[in-house]
Amino acid sequence: MITLPYLLQKENICRFEDATFFIGDRRVFPFEKAFVQCFSVEEIAESLKKMVTQGGGPLQVALTTLSYCGHRMEQGTMNANISTFSEAVACLVSARPTNTTMARVLVELLEQITLLFQKNGTIHDIARAIDDLVLEKERYFDNIYHFMGQLGSSLLTNGDTILTTCFAEHTFLLSLAYAKEAGKEVSVLACETRPYLQGARLTAPSLRELGIPVKLITDGMGANLLSRGKVNLYFTAADVVCMDGTVVNKIGTLSNAIACAYYHIPYYAFSISPDRTKLDSSTLQIEERSGREVTHCLGSRITEEGIEALYPSFDIVPHSLVEGLVTPKGILKPSDLSGAYL
């Protein structure tokens, strides 16, 4: 039986007790297993902006926030009307504009919650119904994670070494776990992923927890290892996948994808929810974050005062560099994506 690593267990991503909402602080993992406490939707959204949780974490936080609002409403500490939820959704979506999956899921659930209020049930009944909606959506994504993990495992052969960037979460880790369960010996080269070091702090410890051999490399080493035949496949998550197969993922993804194309190593991106509203990259909103996050690392300054820095948070990877997309509808060529989703 496959057990998810600590970081991906729901209670370690987020949970709430009465008015206190806890978010697992991935900024300090693996050195600490700490939680940030929030007492309002605004504080939850601010934690998302501050990157307390990243990758797939904001989706789970957003889902749990809807249940949190329902419970607070039932306790009389939040207004018992649909505005409570519409304002919460707007606040969460604005916190992470690149995360279109989270935004689309929240809008879908808001429509269903609106119908609950229109039925004029009791506050207790509405709160319980919201819990049920959230639980149903969580189960939906859990099934997708395992299905896509099995798809990803099918791409792996015994002895493969996989290059990865950032923290690709459920689908990537489950791919390796299912491969291991099938008797395939695979290993991973994890880029450190500056400036937050998700590869070093999240990916590598999670792989080690699963018993998958992993070696950490700096972000500039990918091309070198590809040129020496040390990599068989490149796997990443995708924050957004457009209908033409364009992939948006953590900064550093593009340079490795270019190197993979040059050395004829296939690049696969995992997407739990390709964005039907994005035909191509022309309307993408890419976060430009503070340069301070580059001049500092793990709280320490790494250059002189007064030195400026740039931090474009995400890469846009052209579909021509993508071998395939692992999706809930199968492993698709970029050219086949729109036919499957539109």
# chains A, B, ... in the order shown; residues from 1 in each chain; ligands from 1

call {"tool": "select_by_dssp", "arguments": {"residues": "region 157-337 of chain A", "states": "strand (DSSP E or B)", "output": "MDAnalysis selection string"}}
result
chainID A and resid 161:164 187:191 214:217 233:237 240:241 247:250 267:270 288 296:297 300:301 312 314:317 324:327 330:332

call {"tool": "write_last_selection", "arguments": {"atoms": "C-alpha atoms", "output": "PDB file, in the first residue's frame"}}
result
ATOM      1  CA  THR A 161      16.948   8.519 -13.764  1.00  0.00           C
ATOM      2  CA  ILE A 162      14.433  11.360 -13.770  1.00  0.00           C
ATOM      3  CA  LEU A 163      15.299  15.048 -13.666  1.00  0.00           C
ATOM      4  CA  THR A 164      12.781  17.303 -11.925  1.00  0.00           C
ATOM      5  CA  SER A 187      16.199   7.455  -9.160  1.00  0.00           C
ATOM      6  CA  VAL A 188      15.795  11.221  -9.259  1.00  0.00           C
ATOM      7  CA  LEU A 189      17.998  14.251  -9.802  1.00  0.00           C
ATOM      8  CA  ALA A 190      16.248  17.122  -8.007  1.00  0.00           C
ATOM      9  CA  CYS A 191      17.171  20.694  -8.872  1.00  0.00           C
ATOM     10  CA  VAL A 214      17.547  11.040  -4.964  1.00  0.00           C
ATOM     11  CA  LYS A 215      20.516  13.325  -5.521  1.00  0.00           C
ATOM     12  CA  LEU A 216      20.306  17.080  -5.175  1.00  0.00           C
ATOM     13  CA  ILE A 217      21.791  19.314  -7.882  1.00  0.00           C
ATOM     14  CA  LEU A 233      13.324  11.623 -18.572  1.00  0.00           C
ATOM     15  CA  TYR A 234      12.378  15.092 -17.363  1.00  0.00           C
ATOM     16  CA  PHE A 235       9.224  15.307 -15.210  1.00  0.00           C
ATOM     17  CA  THR A 236       7.655  18.435 -13.705  1.00  0.00           C
ATOM     18  CA  ALA A 237       4.307  19.608 -12.498  1.00  0.00           C
ATOM     19  CA  VAL A 240      -0.995  26.052 -15.899  1.00  0.00           C
ATOM     20  CA  VAL A 241      -1.337  24.140 -19.161  1.00  0.00           C
ATOM     21  CA  VAL A 247       3.256  24.700 -19.945  1.00  0.00           C
ATOM     22  CA  VAL A 248       3.693  27.182 -17.103  1.00  0.00           C
ATOM     23  CA  ASN A 249       5.854  25.991 -14.227  1.00  0.00           C
ATOM     24  CA  LYS A 250       8.422  27.204 -11.727  1.00  0.00           C
ATOM     25  CA  TYR A 267       9.919  16.178 -21.148  1.00  0.00           C
ATOM     26  CA  TYR A 268       6.553  15.303 -19.561  1.00  0.00           C
ATOM     27  CA  ALA A 269       4.485  17.737 -17.518  1.00  0.00           C
ATOM     28  CA  PHE A 270       1.751  16.653 -15.102  1.00  0.00           C
ATOM     29  CA  GLU A 288       6.610  38.896 -10.709  1.00  0.00           C
ATOM     30  CA  HIS A 296      18.031  36.534   0.441  1.00  0.00           C
ATOM     31  CA  CYS A 297      18.017  32.759   0.885  1.00  0.00           C
ATOM     32  CA  SER A 300      20.069  35.278   5.012  1.00  0.00           C
ATOM     33  CA  ARG A 301      21.307  37.980   2.649  1.00  0.00           C
ATOM     34  CA  PRO A 312       9.952  36.234 -12.564  1.00  0.00           C
ATOM     35  CA  PHE A 314       7.286  31.124 -13.525  1.00  0.00           C
ATOM     36  CA  ASP A 315       8.545  29.973 -16.903  1.00  0.00           C
ATOM     37  CA  ILE A 316       6.383  29.694 -19.999  1.00  0.00           C
ATOM     38  CA  VAL A 317       7.504  26.542 -21.834  1.00  0.00           C
ATOM     39  CA  GLY A 324       3.662  14.753 -23.528  1.00  0.00           C
ATOM     40  CA  LEU A 325       1.190  15.910 -20.914  1.00  0.00           C
ATOM     41  CA  VAL A 326       0.051  13.554 -18.174  1.00  0.00           C
ATOM     42  CA  THR A 327      -3.583  14.472 -17.549  1.00  0.00           C
ATOM     43  CA  GLY A 330      -4.436  10.188 -20.347  1.00  0.00           C
ATOM     44  CA  ILE A 331      -0.971  10.955 -21.656  1.00  0.00           C
ATOM     45  CA  LEU A 332      -1.545  13.431 -24.461  1.00  0.00           C
TER      46      LEU A 332
END

call {"tool": "residues_around", "arguments": {"residues": "region 336-338 of chain A", "least_positions_apart": "4", "cutoff": "7 Å", "atoms": "only C-alpha atoms", "output": "list in words"}}
result
Met243, Asp244, Gly245, Leu332 and Leu342 of chain A

call {"tool": "select_by_dssp", "arguments": {"residues": "region 54-298 of chain A", "states": "helix (DSSP H, G or I)", "output": "PyMOL selection string"}}
result
chain A and resi 57-75+82-95+100-118+123-154+169-181+198-210+222-227+253-262+281-283+292-295

call {"tool": "closest_residue", "arguments": {"among": "A:Ile286, A:Val41, A:Phe31, A:Tyr196", "to": "Gly299 (chain A)", "atoms": "only C-alpha atoms"}}
result
A:Tyr196

call {"tool": "atom_distance", "arguments": {"atom1": "CA of Gly55 (chain A)", "atom2": "CA of Cys260 (chain A)"}}
result
22.9 Å

call {"tool": "atom_distance", "arguments": {"atom1": "CA of Thr246 (chain A)", "atom2": "CA of Leu279 (chain A)"}}
result
9.0 Å

call {"tool": "closest_residue", "arguments": {"among": "A:Arg228, A:Arg208, A:Arg104, A:Lys119", "to": "Pro274 (chain A)", "atoms": "only C-alpha atoms"}}
result
A:Arg104

call {"tool": "residues_around", "arguments": {"residues": "Leu4 (chain A)", "least_positions_apart": "5", "cutoff": "12 Å", "atoms": "only C-alpha atoms", "output": "PyMOL selection string"}}
result
chain A and resi 9-12+142+145-146+149+169-178+206-211

call {"tool": "write_last_selection", "arguments": {"atoms": "N, CA and C atoms", "output": "compact mmCIF listing (two decimals), in the first residue's frame"}}
result
# COMPACT_ATOMS: atom_id res chain seq x y z
N GLN A 9 0.14 14.75 3.25
CA GLN A 9 -1.00 14.32 4.07
C GLN A 9 -1.84 15.54 4.42
N LYS A 10 -3.14 15.43 4.19
CA LYS A 10 -4.00 16.62 4.24
C LYS A 10 -3.89 17.40 5.53
N GLU A 11 -3.81 16.68 6.66
CA GLU A 11 -3.75 17.39 7.93
C GLU A 11 -2.45 18.16 8.10
N ASN A 12 -1.45 17.82 7.29
CA ASN A 12 -0.18 18.55 7.34
C ASN A 12 -0.12 19.67 6.32
N ASP A 142 -8.14 13.26 -5.27
CA ASP A 142 -7.37 12.09 -4.81
C ASP A 142 -7.36 10.99 -5.87
N TYR A 145 -5.06 12.04 -8.70
CA TYR A 145 -3.65 11.93 -8.33
C TYR A 145 -3.15 10.50 -8.54
N HIS A 146 -3.93 9.54 -8.07
CA HIS A 146 -3.49 8.14 -8.18
C HIS A 146 -3.54 7.65 -9.64
N GLY A 149 -0.64 9.17 -11.31
CA GLY A 149 0.56 8.53 -10.82
C GLY A 149 0.82 7.21 -11.53
N GLU A 169 4.76 17.43 -6.33
CA GLU A 169 3.69 16.95 -5.47
C GLU A 169 3.13 15.57 -5.83
N HIS A 170 1.80 15.41 -5.64
CA HIS A 170 1.16 14.10 -5.66
C HIS A 170 1.47 13.27 -6.89
N THR A 171 1.22 13.83 -8.07
CA THR A 171 1.27 13.01 -9.28
C THR A 171 2.67 12.51 -9.57
N PHE A 172 3.65 13.37 -9.40
CA PHE A 172 5.05 12.98 -9.63
C PHE A 172 5.50 11.95 -8.59
N LEU A 173 5.26 12.23 -7.33
CA LEU A 173 5.70 11.32 -6.28
C LEU A 173 4.98 9.98 -6.38
N LEU A 174 3.70 10.01 -6.72
CA LEU A 174 2.96 8.76 -6.87
C LEU A 174 3.46 7.96 -8.08
N SER A 175 3.89 8.65 -9.13
CA SER A 175 4.47 7.95 -10.29
C SER A 175 5.66 7.10 -9.86
N LEU A 176 6.51 7.69 -9.04
CA LEU A 176 7.70 6.98 -8.58
C LEU A 176 7.33 5.89 -7.59
N ALA A 177 6.34 6.18 -6.74
CA ALA A 177 5.91 5.17 -5.76
C ALA A 177 5.30 3.96 -6.46
N TYR A 178 4.49 4.20 -7.49
CA TYR A 178 3.89 3.07 -8.23
C TYR A 178 4.96 2.31 -9.02
N SER A 206 10.92 14.32 0.60
CA SER A 206 9.73 13.50 0.34
C SER A 206 10.10 12.22 -0.41
N LEU A 207 11.01 12.34 -1.38
CA LEU A 207 11.47 11.16 -2.10
C LEU A 207 12.21 10.21 -1.17
N ARG A 208 13.03 10.78 -0.32
CA ARG A 208 13.76 9.94 0.65
C ARG A 208 12.78 9.22 1.56
N GLU A 209 11.72 9.92 1.97
CA GLU A 209 10.70 9.31 2.82
C GLU A 209 10.03 8.13 2.12
N LEU A 210 9.87 8.24 0.79
CA LEU A 210 9.26 7.16 0.00
C LEU A 210 10.25 6.05 -0.35
N GLY A 211 11.51 6.25 -0.02
CA GLY A 211 12.52 5.25 -0.34
C GLY A 211 12.99 5.30 -1.78

call {"tool": "atom_distance", "arguments": {"atom1": "CA of Ile82 (chain A)", "atom2": "CA of Lys278 (chain A)"}}
result
28.3 Å

call {"tool": "residues_around", "arguments": {"residues": "Ala127 (chain A)", "least_positions_apart": "4", "cutoff": "7 Å", "atoms": "only C-alpha atoms", "output": "PyMOL selection string"}}
result
chain A and resi 70-71+74+123+131

call {"tool": "write_last_selection", "arguments": {"atoms": "N, CA and C atoms", "output": "mmCIF file, in the first residue's frame"}}
result
data_model
loop_
_atom_site.group_PDB
_atom_site.id
_atom_site.type_symbol
_atom_site.label_atom_id
_atom_site.label_comp_id
_atom_site.auth_asym_id
_atom_site.auth_seq_id
_atom_site.Cartn_x
_atom_site.Cartn_y
_atom_site.Cartn_z
ATOM 1 N N GLY A 70 -17.899 27.943 6.395
ATOM 2 C CA GLY A 70 -19.174 27.359 6.777
ATOM 3 C C GLY A 70 -19.278 27.143 8.275
ATOM 4 N N HIS A 71 -18.206 26.648 8.874
ATOM 5 C CA HIS A 71 -18.211 26.415 10.325
ATOM 6 C C HIS A 71 -18.253 27.730 11.094
ATOM 7 N N GLU A 74 -21.707 29.035 10.945
ATOM 8 C CA GLU A 74 -22.588 28.291 11.850
ATOM 9 C C GLU A 74 -22.385 28.726 13.294
ATOM 10 N N ILE A 123 -28.865 27.227 8.576
ATOM 11 C CA ILE A 123 -27.428 27.475 8.528
ATOM 12 C C ILE A 123 -26.653 26.176 8.769
ATOM 13 N N ASP A 131 -19.483 21.181 3.595
ATOM 14 C CA ASP A 131 -18.499 20.147 3.940
ATOM 15 C C ASP A 131 -18.550 18.988 2.947
#

call {"tool": "residues_around", "arguments": {"residues": "Ala90 (chain A)", "least_positions_apart": "6", "cutoff": "12 Å", "atoms": "only C-alpha atoms", "output": "list in words"}}
result
Val41, Glu42, Ala45, Ala62, Ser83, Thr84, Arg96, Pro97, Met102, Ala103, Arg104, Leu106, Val107 and Leu110 of chain A

call {"tool": "write_last_selection", "arguments": {"atoms": "N, CA and C atoms", "output": "PDB file, in the first residue's frame"}}
result
ATOM      1  N   VAL A  41     -10.112  34.796   6.601  1.00  0.00           N
ATOM      2  CA  VAL A  41      -9.806  34.475   5.201  1.00  0.00           C
ATOM      3  C   VAL A  41      -8.689  35.370   4.689  1.00  0.00           C
ATOM      4  N   GLU A  42      -8.691  36.626   5.128  1.00  0.00           N
ATOM      5  CA  GLU A  42      -7.650  37.555   4.693  1.00  0.00           C
ATOM      6  C   GLU A  42      -6.270  37.071   5.128  1.00  0.00           C
ATOM      7  N   ALA A  45      -5.284  34.121   2.928  1.00  0.00           N
ATOM      8  CA  ALA A  45      -4.827  34.594   1.623  1.00  0.00           C
ATOM      9  C   ALA A  45      -3.437  35.203   1.711  1.00  0.00           C
ATOM     10  N   ALA A  62      -7.513  26.256  -0.198  1.00  0.00           N
ATOM     11  CA  ALA A  62      -8.733  26.910  -0.689  1.00  0.00           C
ATOM     12  C   ALA A  62      -9.972  26.072  -0.398  1.00  0.00           C
ATOM     13  N   SER A  83     -22.396  36.316   0.401  1.00  0.00           N
ATOM     14  CA  SER A  83     -21.293  37.275   0.274  1.00  0.00           C
ATOM     15  C   SER A  83     -20.052  36.810   1.020  1.00  0.00           C
ATOM     16  N   THR A  84     -20.250  36.115   2.131  1.00  0.00           N
ATOM     17  CA  THR A  84     -19.115  35.575   2.880  1.00  0.00           C
ATOM     18  C   THR A  84     -18.251  34.703   1.981  1.00  0.00           C
ATOM     19  N   ARG A  96      -3.017  34.173  -5.406  1.00  0.00           N
ATOM     20  CA  ARG A  96      -2.130  33.403  -6.278  1.00  0.00           C
ATOM     21  C   ARG A  96      -2.706  33.402  -7.699  1.00  0.00           C
ATOM     22  N   PRO A  97      -2.555  34.509  -8.433  1.00  0.00           N
ATOM     23  CA  PRO A  97      -3.211  34.641  -9.743  1.00  0.00           C
ATOM     24  C   PRO A  97      -2.763  33.629 -10.793  1.00  0.00           C
ATOM     25  N   MET A 102      -6.845  26.389  -8.958  1.00  0.00           N
ATOM     26  CA  MET A 102      -7.499  26.791  -7.714  1.00  0.00           C
ATOM     27  C   MET A 102      -8.650  27.753  -8.001  1.00  0.00           C
ATOM     28  N   ALA A 103      -8.427  28.715  -8.867  1.00  0.00           N
ATOM     29  CA  ALA A 103      -9.458  29.709  -9.175  1.00  0.00           C
ATOM     30  C   ALA A 103     -10.684  29.056  -9.793  1.00  0.00           C
ATOM     31  N   ARG A 104     -10.465  28.154 -10.749  1.00  0.00           N
ATOM     32  CA  ARG A 104     -11.604  27.528 -11.424  1.00  0.00           C
ATOM     33  C   ARG A 104     -12.392  26.612 -10.491  1.00  0.00           C
ATOM     34  N   LEU A 106     -12.644  26.982  -7.225  1.00  0.00           N
ATOM     35  CA  LEU A 106     -13.373  27.848  -6.294  1.00  0.00           C
ATOM     36  C   LEU A 106     -14.621  28.447  -6.936  1.00  0.00           C
ATOM     37  N   VAL A 107     -14.502  28.877  -8.169  1.00  0.00           N
ATOM     38  CA  VAL A 107     -15.662  29.451  -8.867  1.00  0.00           C
ATOM     39  C   VAL A 107     -16.753  28.395  -9.046  1.00  0.00           C
ATOM     40  N   LEU A 110     -18.357  27.854  -5.686  1.00  0.00           N
ATOM     41  CA  LEU A 110     -19.159  29.026  -5.313  1.00  0.00           C
ATOM     42  C   LEU A 110     -20.533  28.975  -5.964  1.00  0.00           C
TER      43      LEU A 110
END

call {"tool": "decode", "arguments": {"residues": "region 246-270 of chain A", "atoms": "N, CA and C atoms", "output": "PDB file, in the first residue's frame"}}
result
ATOM      1  N   THR A 246       1.114  24.643 -24.197  1.00  0.00           N
ATOM      2  CA  THR A 246       2.077  25.472 -23.484  1.00  0.00           C
ATOM      3  C   THR A 246       2.014  25.160 -21.991  1.00  0.00           C
ATOM      4  N   VAL A 247       3.172  25.049 -21.369  1.00  0.00           N
ATOM      5  CA  VAL A 247       3.256  24.700 -19.945  1.00  0.00           C
ATOM      6  C   VAL A 247       3.816  25.884 -19.154  1.00  0.00           C
ATOM      7  N   VAL A 248       3.176  26.185 -18.044  1.00  0.00           N
ATOM      8  CA  VAL A 248       3.693  27.182 -17.103  1.00  0.00           C
ATOM      9  C   VAL A 248       4.112  26.446 -15.839  1.00  0.00           C
ATOM     10  N   ASN A 249       5.367  26.629 -15.452  1.00  0.00           N
ATOM     11  CA  ASN A 249       5.854  25.991 -14.227  1.00  0.00           C
ATOM     12  C   ASN A 249       6.968  26.846 -13.631  1.00  0.00           C
ATOM     13  N   LYS A 250       7.449  26.441 -12.491  1.00  0.00           N
ATOM     14  CA  LYS A 250       8.422  27.204 -11.727  1.00  0.00           C
ATOM     15  C   LYS A 250       9.607  27.654 -12.571  1.00  0.00           C
ATOM     16  N   ILE A 251      10.104  28.849 -12.284  1.00  0.00           N
ATOM     17  CA  ILE A 251      11.274  29.358 -12.981  1.00  0.00           C
ATOM     18  C   ILE A 251      12.409  28.335 -12.894  1.00  0.00           C
ATOM     19  N   GLY A 252      13.053  28.092 -13.998  1.00  0.00           N
ATOM     20  CA  GLY A 252      14.071  27.049 -14.096  1.00  0.00           C
ATOM     21  C   GLY A 252      13.620  25.884 -14.951  1.00  0.00           C
ATOM     22  N   THR A 253      12.304  25.771 -15.149  1.00  0.00           N
ATOM     23  CA  THR A 253      11.762  24.677 -15.965  1.00  0.00           C
ATOM     24  C   THR A 253      12.159  24.836 -17.427  1.00  0.00           C
ATOM     25  N   LEU A 254      12.098  26.067 -17.931  1.00  0.00           N
ATOM     26  CA  LEU A 254      12.343  26.309 -19.351  1.00  0.00           C
ATOM     27  C   LEU A 254      13.770  25.944 -19.758  1.00  0.00           C
ATOM     28  N   SER A 255      14.751  26.340 -18.974  1.00  0.00           N
ATOM     29  CA  SER A 255      16.134  26.059 -19.353  1.00  0.00           C
ATOM     30  C   SER A 255      16.388  24.556 -19.439  1.00  0.00           C
ATOM     31  N   ASN A 256      15.823  23.804 -18.515  1.00  0.00           N
ATOM     32  CA  ASN A 256      15.979  22.342 -18.582  1.00  0.00           C
ATOM     33  C   ASN A 256      15.225  21.755 -19.768  1.00  0.00           C
ATOM     34  N   ALA A 257      14.046  22.307 -20.067  1.00  0.00           N
ATOM     35  CA  ALA A 257      13.276  21.808 -21.212  1.00  0.00           C
ATOM     36  C   ALA A 257      14.027  22.051 -22.518  1.00  0.00           C
ATOM     37  N   ILE A 258      14.669  23.205 -22.635  1.00  0.00           N
ATOM     38  CA  ILE A 258      15.465  23.502 -23.829  1.00  0.00           C
ATOM     39  C   ILE A 258      16.633  22.519 -23.942  1.00  0.00           C
ATOM     40  N   ALA A 259      17.305  22.282 -22.817  1.00  0.00           N
ATOM     41  CA  ALA A 259      18.433  21.344 -22.822  1.00  0.00           C
ATOM     42  C   ALA A 259      17.967  19.933 -23.157  1.00  0.00           C
ATOM     43  N   CYS A 260      16.795  19.544 -22.633  1.00  0.00           N
ATOM     44  CA  CYS A 260      16.259  18.210 -22.948  1.00  0.00           C
ATOM     45  C   CYS A 260      15.980  18.069 -24.438  1.00  0.00           C
ATOM     46  N   ALA A 261      15.416  19.097 -25.035  1.00  0.00           N
ATOM     47  CA  ALA A 261      15.142  19.044 -26.477  1.00  0.00           C
ATOM     48  C   ALA A 261      16.443  18.888 -27.266  1.00  0.00           C
ATOM     49  N   TYR A 262      17.468  19.597 -26.853  1.00  0.00           N
ATOM     50  CA  TYR A 262      18.753  19.535 -27.556  1.00  0.00           C
ATOM     51  C   TYR A 262      19.368  18.143 -27.461  1.00  0.00           C
ATOM     52  N   TYR A 263      19.237  17.520 -26.291  1.00  0.00           N
ATOM     53  CA  TYR A 263      19.849  16.199 -26.080  1.00  0.00           C
ATOM     54  C   TYR A 263      18.854  15.047 -26.267  1.00  0.00           C
ATOM     55  N   HIS A 264      17.686  15.365 -26.793  1.00  0.00           N
ATOM     56  CA  HIS A 264      16.687  14.353 -27.156  1.00  0.00           C
ATOM     57  C   HIS A 264      16.215  13.534 -25.950  1.00  0.00           C
ATOM     58  N   ILE A 265      15.970  14.230 -24.850  1.00  0.00           N
ATOM     59  CA  ILE A 265      15.412  13.619 -23.647  1.00  0.00           C
ATOM     60  C   ILE A 265      13.965  14.093 -23.511  1.00  0.00           C
ATOM     61  N   PRO A 266      12.997  13.182 -23.427  1.00  0.00           N
ATOM     62  CA  PRO A 266      11.588  13.601 -23.386  1.00  0.00           C
ATOM     63  C   PRO A 266      11.209  14.326 -22.100  1.00  0.00           C
ATOM     64  N   TYR A 267      10.431  15.387 -22.266  1.00  0.00           N
ATOM     65  CA  TYR A 267       9.919  16.178 -21.148  1.00  0.00           C
ATOM     66  C   TYR A 267       8.415  15.955 -21.033  1.00  0.00           C
ATOM     67  N   TYR A 268       7.969  15.501 -19.857  1.00  0.00           N
ATOM     68  CA  TYR A 268       6.553  15.303 -19.561  1.00  0.00           C
ATOM     69  C   TYR A 268       6.141  16.209 -18.409  1.00  0.00           C
ATOM     70  N   ALA A 269       5.033  16.900 -18.575  1.00  0.00           N
ATOM     71  CA  ALA A 269       4.485  17.737 -17.518  1.00  0.00           C
ATOM     72  C   ALA A 269       3.171  17.135 -17.026  1.00  0.00           C
ATOM     73  N   PHE A 270       2.958  17.183 -15.722  1.00  0.00           N
ATOM     74  CA  PHE A 270       1.751  16.653 -15.102  1.00  0.00           C
ATOM     75  C   PHE A 270       0.778  17.800 -14.857  1.00  0.00           C
TER      76      PHE A 270
END
